[in-house]
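Novice: See work_21.csv below, with CSV, C-alpha atoms.
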chain,number,residue,atom,x,y,z
A,1,GLN,CA,0.0,0.0,0.0
A,2,ASP,CA,2.8,2.4,0.9
A,3,GLN,CA,4.5,1.5,-2.5
A,4,GLU,CA,1.3,2.3,-4.4
A,5,ARG,CA,1.1,5.7,-2.6
A,6,HIS,CA,4.6,6.6,-3.5
A,7,SER,CA,4.2,5.6,-7.2
A,8,SER,CA,1.2,8.0,-7.4
A,9,GLU,CA,3.1,11.0,-5.9
A,10,VAL,CA,4.9,13.6,-8.0
A,11,ILE,CA,7.5,16.2,-7.1
A,12,VAL,CA,6.7,19.5,-8.8
A,13,LEU,CA,9.4,22.2,-9.3
A,14,TYR,CA,8.4,25.8,-9.9
A,15,SER,CA,10.3,28.2,-12.0
A,16,ASP,CA,9.3,31.2,-9.8
A,17,SER,CA,6.9,32.1,-7.0
A,18,GLU,CA,4.2,33.2,-9.4
A,19,ALA,CA,3.9,29.6,-10.7
A,20,MET,CA,3.4,28.2,-7.3
A,21,PRO,CA,-0.1,27.4,-6.0
A,22,ASN,CA,-1.5,30.2,-3.7
A,23,SER,CA,-1.6,28.0,-0.6
A,24,LEU,CA,2.1,27.1,-1.1
A,25,VAL,CA,3.2,30.7,-1.4
A,26,GLU,CA,1.4,31.5,1.9
A,27,ALA,CA,2.8,28.4,3.7
A,28,THR,CA,6.5,28.7,2.7
A,29,ALA,CA,7.1,31.6,5.1
A,30,THR,CA,6.3,29.4,8.1
A,31,ASN,CA,6.5,25.8,6.9
A,32,LYS,CA,9.7,24.3,5.5
A,33,ASP,CA,8.2,20.8,4.9
A,34,ILE,CA,7.2,19.7,1.4
A,35,PRO,CA,3.4,19.8,1.4
A,36,VAL,CA,1.1,17.2,-0.3
A,37,MET,CA,-1.7,18.5,-2.4
A,38,GLY,CA,-3.9,17.4,-5.4
A,39,ALA,CA,-2.8,17.8,-9.0
A,40,LEU,CA,-5.3,20.6,-9.8
A,41,GLU,CA,-4.2,22.7,-6.8
A,42,ALA,CA,-0.5,22.0,-7.4
A,43,THR,CA,-0.7,23.3,-11.0
A,44,GLU,CA,-3.4,26.0,-10.6
A,45,ASN,CA,-0.9,28.8,-11.6
A,46,CYS,CA,1.1,26.8,-14.1
A,47,ASP,CA,0.8,28.2,-17.7
A,48,LYS,CA,3.0,25.4,-19.0
A,49,LEU,CA,3.7,22.0,-17.5
A,50,LYS,CA,6.5,19.7,-18.5
A,51,VAL,CA,6.4,16.1,-17.4
A,52,VAL,CA,9.5,13.9,-17.1
A,53,VAL,CA,8.8,10.2,-16.9
A,54,ALA,CA,11.6,7.9,-15.6
A,55,GLY,CA,11.3,4.3,-14.5
A,56,LYS,CA,13.0,2.7,-11.6
A,57,ALA,CA,16.6,1.7,-12.2
A,58,SER,CA,17.1,-1.9,-13.1
A,59,GLY,CA,19.9,-4.1,-11.9
A,60,PRO,CA,22.6,-2.8,-9.5
A,61,LEU,CA,22.5,0.8,-10.6
A,62,HIS,CA,21.4,3.6,-8.2
A,63,GLN,CA,19.6,6.2,-10.2
A,64,CYS,CA,19.6,10.0,-9.8
A,65,ILE,CA,17.6,12.6,-11.7
A,66,ALA,CA,19.0,16.1,-12.4
A,67,VAL,CA,17.0,19.1,-13.7
A,68,ILE,CA,19.2,21.9,-15.1
A,69,GLU,CA,18.6,25.2,-16.8
A,70,GLY,CA,19.8,25.4,-20.4
A,71,VAL,CA,18.6,25.2,-24.0
A,72,GLU,CA,15.2,23.5,-24.0
A,73,SER,CA,15.3,19.9,-24.9
A,74,PHE,CA,12.5,17.2,-25.0
A,75,HIS,CA,15.0,14.4,-24.7
A,76,ILE,CA,16.1,12.8,-21.5
A,77,GLN,CA,19.9,12.3,-21.4
A,78,ASN,CA,21.3,9.1,-20.0
A,79,TRP,CA,24.6,9.2,-18.0
A,80,MET,CA,26.4,6.2,-16.5
A,81,ARG,CA,29.7,5.3,-14.9
A,82,MET,CA,31.1,3.4,-17.8
A,83,SER,CA,34.7,2.4,-18.5
A,84,THR,CA,36.4,3.0,-21.8
A,85,THR,CA,35.3,-0.6,-22.8
A,86,ASP,CA,31.6,0.3,-22.1
A,87,VAL,CA,31.4,-1.8,-18.8
A,88,TYR,CA,29.8,-0.3,-15.7
A,89,ASP,CA,32.6,0.7,-13.3
A,90,LYS,CA,31.9,2.9,-10.2
A,91,SER,CA,35.4,4.2,-10.2
A,92,TYR,CA,34.8,6.1,-13.5
A,93,PRO,CA,33.1,9.5,-13.7
A,94,LEU,CA,29.6,9.8,-15.2
A,95,ARG,CA,29.5,10.1,-19.0
A,96,HIS,CA,26.8,10.4,-21.6
A,97,VAL,CA,25.7,7.1,-23.1
A,98,GLY,CA,22.9,6.1,-25.3
A,99,ARG,CA,19.5,5.4,-23.8
A,100,GLY,CA,19.8,1.7,-24.7
A,101,MET,CA,23.0,1.2,-22.7
A,102,GLN,CA,22.8,-1.4,-19.9
A,103,ALA,CA,25.0,-2.0,-16.9
A,104,ASN,CA,26.6,-5.0,-18.6
A,105,GLY,CA,27.8,-2.9,-21.5
A,106,VAL,CA,25.2,-4.3,-23.9
A,107,ASN,CA,23.6,-1.6,-26.1
A,108,THR,CA,20.0,-2.6,-26.9
A,109,PHE,CA,19.8,0.0,-29.6
A,110,ILE,CA,22.3,-1.2,-32.3
A,111,PRO,CA,22.8,1.1,-35.3
A,112,PRO,CA,21.6,-0.5,-38.6
A,113,LYS,CA,24.2,-2.2,-40.8
A,114,THR,CA,25.1,-0.9,-44.2
A,115,ASN,CA,23.1,-3.5,-46.1
A,116,HIS,CA,20.0,-2.6,-44.1
A,117,ILE,CA,20.5,1.1,-44.8
A,118,GLU,CA,20.9,0.4,-48.6
A,119,GLN,CA,17.8,-1.8,-48.6
A,120,ASN,CA,15.8,1.0,-47.1
A,121,TRP,CA,17.3,3.6,-49.4
A,122,LYS,CA,16.0,1.4,-52.3
A,123,LEU,CA,12.5,1.3,-50.9
A,124,LEU,CA,12.5,5.1,-50.3
A,125,ARG,CA,13.7,5.8,-53.9
A,126,ASN,CA,10.8,3.6,-55.2
A,127,TYR,CA,8.3,5.4,-52.9
A,128,LEU,CA,9.5,8.9,-53.9
A,129,GLY,CA,9.4,8.0,-57.5
A,130,THR,CA,5.8,6.9,-57.4
A,131,VAL,CA,4.2,9.2,-54.7
A,132,ASP,CA,2.7,11.6,-57.3
A,133,ASP,CA,0.9,8.8,-59.1
A,134,VAL,CA,-0.3,7.3,-55.8
A,135,LEU,CA,-1.7,10.6,-54.6
A,136,THR,CA,-3.5,11.1,-58.0
A,137,ARG,CA,-5.2,7.8,-57.5
A,138,LEU,CA,-5.9,8.3,-53.8
A,139,ARG,CA,-7.3,11.8,-53.8
A,140,PRO,CA,-10.7,11.0,-55.5
A,141,ILE,CA,-11.2,8.1,-53.1
A,142,ALA,CA,-10.5,10.2,-50.0
A,143,LYS,CA,-12.7,13.0,-51.3
A,144,ARG,CA,-15.6,10.7,-52.0
A,145,ILE,CA,-15.7,9.1,-48.5
A,146,ALA,CA,-14.7,12.2,-46.4
A,147,ARG,CA,-17.2,13.3,-43.7
A,148,ASN,CA,-16.7,16.9,-42.6
A,149,ASN,CA,-13.3,16.8,-44.3
A,150,THR,CA,-12.3,13.8,-42.1
A,151,ILE,CA,-11.6,10.2,-42.8
A,152,VAL,CA,-10.7,7.3,-40.6
A,153,VAL,CA,-7.5,5.5,-41.8
A,154,MET,CA,-6.7,1.9,-41.1
A,155,VAL,CA,-3.8,-0.3,-42.4
A,156,CYS,CA,-4.1,-4.0,-42.7
A,157,ASN,CA,-2.3,-7.0,-44.2
A,158,LEU,CA,-3.5,-10.6,-44.7
A,159,GLY,CA,-2.2,-11.8,-41.4
A,160,GLN,CA,-4.4,-9.2,-39.6
A,161,SER,CA,-7.4,-9.5,-41.9
A,162,SER,CA,-9.4,-11.5,-39.3
A,163,LEU,CA,-9.2,-8.5,-37.0
A,164,LEU,CA,-10.5,-6.3,-39.8
A,165,VAL,CA,-13.5,-8.7,-40.3
A,166,ASN,CA,-14.1,-8.7,-36.5
A,167,PHE,CA,-14.0,-4.9,-36.4
A,168,ALA,CA,-16.5,-4.5,-39.3
A,169,CYS,CA,-18.9,-7.0,-37.8
A,170,ALA,CA,-18.7,-5.4,-34.3
A,171,ALA,CA,-19.1,-1.9,-35.7
A,172,ARG,CA,-22.1,-2.8,-37.8
A,173,SER,CA,-23.8,-4.7,-35.0
A,174,LYS,CA,-23.7,-1.4,-33.0
A,175,GLY,CA,-25.0,0.6,-35.9
A,176,LEU,CA,-21.8,2.5,-36.6
A,177,ASP,CA,-21.3,4.2,-40.0
A,178,LEU,CA,-18.2,2.8,-41.7
A,179,SER,CA,-18.5,4.8,-44.9
A,180,GLY,CA,-15.8,7.2,-43.8
A,181,VAL,CA,-13.2,4.5,-43.3
A,182,LEU,CA,-10.3,4.0,-45.7
A,183,VAL,CA,-8.3,0.8,-45.4
A,184,PHE,CA,-4.8,0.8,-46.8
A,185,CYS,CA,-4.0,-2.8,-47.8
A,186,THR,CA,-0.5,-4.2,-48.2
A,187,ASP,CA,-1.5,-7.1,-50.5
A,188,GLU,CA,-4.2,-7.9,-53.1
A,189,GLU,CA,-5.8,-10.6,-50.9
A,190,THR,CA,-6.5,-8.0,-48.2
A,191,LEU,CA,-7.8,-5.5,-50.8
A,192,GLY,CA,-10.4,-8.1,-51.8
A,193,ILE,CA,-11.4,-8.8,-48.2
A,194,ALA,CA,-11.7,-5.1,-47.4
A,195,ARG,CA,-13.8,-4.3,-50.4
A,196,GLY,CA,-15.9,-7.4,-49.7
A,197,LEU,CA,-16.6,-6.0,-46.2
A,198,GLY,CA,-17.8,-2.7,-47.9
A,199,PHE,CA,-14.8,-0.6,-47.0
A,200,ALA,CA,-13.2,1.9,-49.3
A,201,ALA,CA,-9.8,0.4,-49.8
A,202,PHE,CA,-6.5,1.2,-51.5
A,203,TYR,CA,-3.6,-1.0,-52.6
A,204,ASP,CA,-0.3,0.4,-54.0
A,205,GLU,CA,1.0,-2.3,-56.1
A,206,LYS,CA,4.0,-0.3,-57.2
A,207,ASN,CA,5.4,-0.3,-53.7
A,208,PHE,CA,3.9,-3.4,-52.1
A,209,ALA,CA,3.8,-5.9,-55.0
A,210,ALA,CA,6.4,-8.7,-54.6
Take the structure I supplied and represent it as structure tokens, if you would.

Specialist:
Amino acid sequence: QDQERHSSEVIVLYSDSEAMPNSLVEATATNKDIPVMGALEATENCDKLKVVVAGKASGPLHQCIAVIEGVESFHIQNWMRMSTTDVYDKSYPLRHVGRGMQANGVNTFIPPKTNHIEQNWKLLRNYLGTVDDVLTRLRPIAKRIARNNTIVVMVCNLGQSSLLVNFACAARSKGLDLSGVLVFCTDEETLGIARGLGFAAFYDEKNFAA
């Protein structure tokens, strides 16, 4: 129970006294303890709120969190005491490492190999070379099914087609209008299934054909 209470608590830091809740401004003059209050009260004078989410440290590492002033960044940096061979060593100073670095020196985020990069470049060249034709075919479909300039987009392949069938049956059993749904299919078999279910569907054979 105590663990659940702590996992639901948040420490809020304020940039200046005007961002602080009214009750806290009045209490700081006489009370040096950190007060506990609800989220609405704690943020009542905040014009902008930034939230940092950090999980508990795994393994033998003791975790600290530092908040510093500087050029605004929406990325959480990861610093660890790693040796020059990328092994955790408490005798070394903290240094910046990738967010996938583990205490055993294994990086879970491995950069792609050259052959993988070249394969993706080939796919990208093919996409960029056909995008104008694809958009020309796609625009009239999107215009026809749009409701208040809005369409619902779904993507499906043959392996997930049973879920598409289940969705269509469940939606129609509840009387939902599916005329504004556009299904992007990655193969001709799924295209046939989607159209058979009454969906507007699109298949780009130039990019997805084997």

Novice: From the list A:Ser23, A:Asn166, A:Ser17, A:Ser173, which residue is nearest Val36 in chain A when using only C-alpha atoms?

Specialist: A:Ser23

Novice: If you measure from CA of Ala171 in chain A to CA of Asp204 in chain A, what distance in Å do you get, rounded to one decimal?

Specialist: 26.3 Å

Novice: Which is closest to Phe167 in chain A among A:Leu197, A:Ala66, A:Leu128, A:Val97, if we use only C-alpha atoms?

Specialist: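 Among the listed residues, A:Leu197 lies closest to Phe167 in chain A.
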
Novice: Could you list, as an NGL selection string, every residue within 12 Å of Cys64 in chain A, counting only C-alpha atoms and ignoring same-chain residues fewer than 2 positions away?

Specialist: :A and (54-57 or 61-62 or 66-67 or 77-80 or 94)

Novice: Just how far from CA of Thr43 in chain A is CA of Leu24 in chain A, in Å to one decimal?

Specialist: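 These two atoms are separated by 11.0 Å.
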
Novice: I'd like to know which of A:Ser161, A:Ser73, A:Ser83, A:Asn104 is closest to Glu188 in chain A, using all atoms listed in the file.

Specialist: A:Ser161

Novice: Between CA of Glu44 in chain A and CA of Ser8 in chain A, what distance in Å does the model show, to one decimal?

Specialist: 18.9 Å

Novice: With all atoms listed in the file as the counted atoms, please give the residues lying no more than 12 Å from Phe74 in chain A, apart from itself and same-chain residues fewer than 6 positions off, as a ChimeraX atom specification.

Specialist: /A:50-53

Novice: Determine the nearest neighbour of Thr186 in chain A from the options A:Gly159, A:Gly198, A:Pro21, A:Pro112, counting only C-alpha atoms.

Specialist: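 Ranking A:Gly159, A:Gly198, A:Pro21, A:Pro112 by distance to Thr186 in chain A, first place goes to A:Gly159.
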
Novice: Can you list, as a list of chain:residue names, every protein, DNA or RNA residue that comes within 12 Å of Leu158 in chain A when you count all atoms listed in the file, leaving out same-chain residues fewer than 2 positions away?

Specialist: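 With the cut-off at 12 Å, the set is A:Val155, A:Cys156, A:Gln160, A:Ser161, A:Ser162, A:Leu163, A:Leu164, A:Val165, A:Phe184, A:Cys185, A:Thr186, A:Asp187, A:Glu188, A:Glu189, A:Thr190, A:Leu191, A:Gly192, A:Ile193, A:Ala194.
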
Novice: Give me, as JSON, numbers by chain, all polymer residues having an atom no more than 8 Å from Met154 in chain A, counting only C-alpha atoms and skipping those fewer than 5 positions away in the same chain.

Specialist: {"A": [181, 182, 183, 184]}

Novice: Can you tell me, as a list of chain:residue names, which residues sit within 12 Å of (32.1, 2.5, -19.7) in the file's frame, using all atoms listed in the file?

Specialist: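 The residues that fall inside the cut-off are A:Trp79, A:Met80, A:Arg81, A:Met82, A:Ser83, A:Thr84, A:Thr85, A:Asp86, A:Val87, A:Tyr88, A:Asp89, A:Lys90, A:Ser91, A:Tyr92, A:Pro93, A:Leu94, A:Arg95, A:His96, A:Val97, A:Gly98, A:Met101, A:Gln102, A:Ala103, A:Asn104, A:Gly105, A:Val106, A:Asn107.
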
Novice: Looking at only C-alpha atoms, which of A:Glu9, A:Trp121, A:Asp16, A:Val25 is the one that sits closest to Gly38 in chain A?

Specialist: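 Distance minimum relative to Gly38 in chain A lands on A:Glu9.
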
Novice: List as a list in words the protein and nucleic acid residues near Val134 in chain A, meaning an atom at most 12 Å away when all atoms listed in the file are counted, but skip any in the same chain fewer than 6 places from it.

Specialist: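 Answer for this query is Asn126, Tyr127, Leu128, Pro140, Ile141, Phe184, Phe202, Tyr203, Asp204, Glu205, Lys206 and Asn207 of chain A.
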
Novice: Given all atoms listed in the file as the basis, pick out the residue of A:Asp177, A:Glu118, A:Glu69, A:Asp133 nearest to Ser15 in chain A.

Specialist: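 Of the candidates, the smallest distance to Ser15 in chain A is held by A:Glu69.
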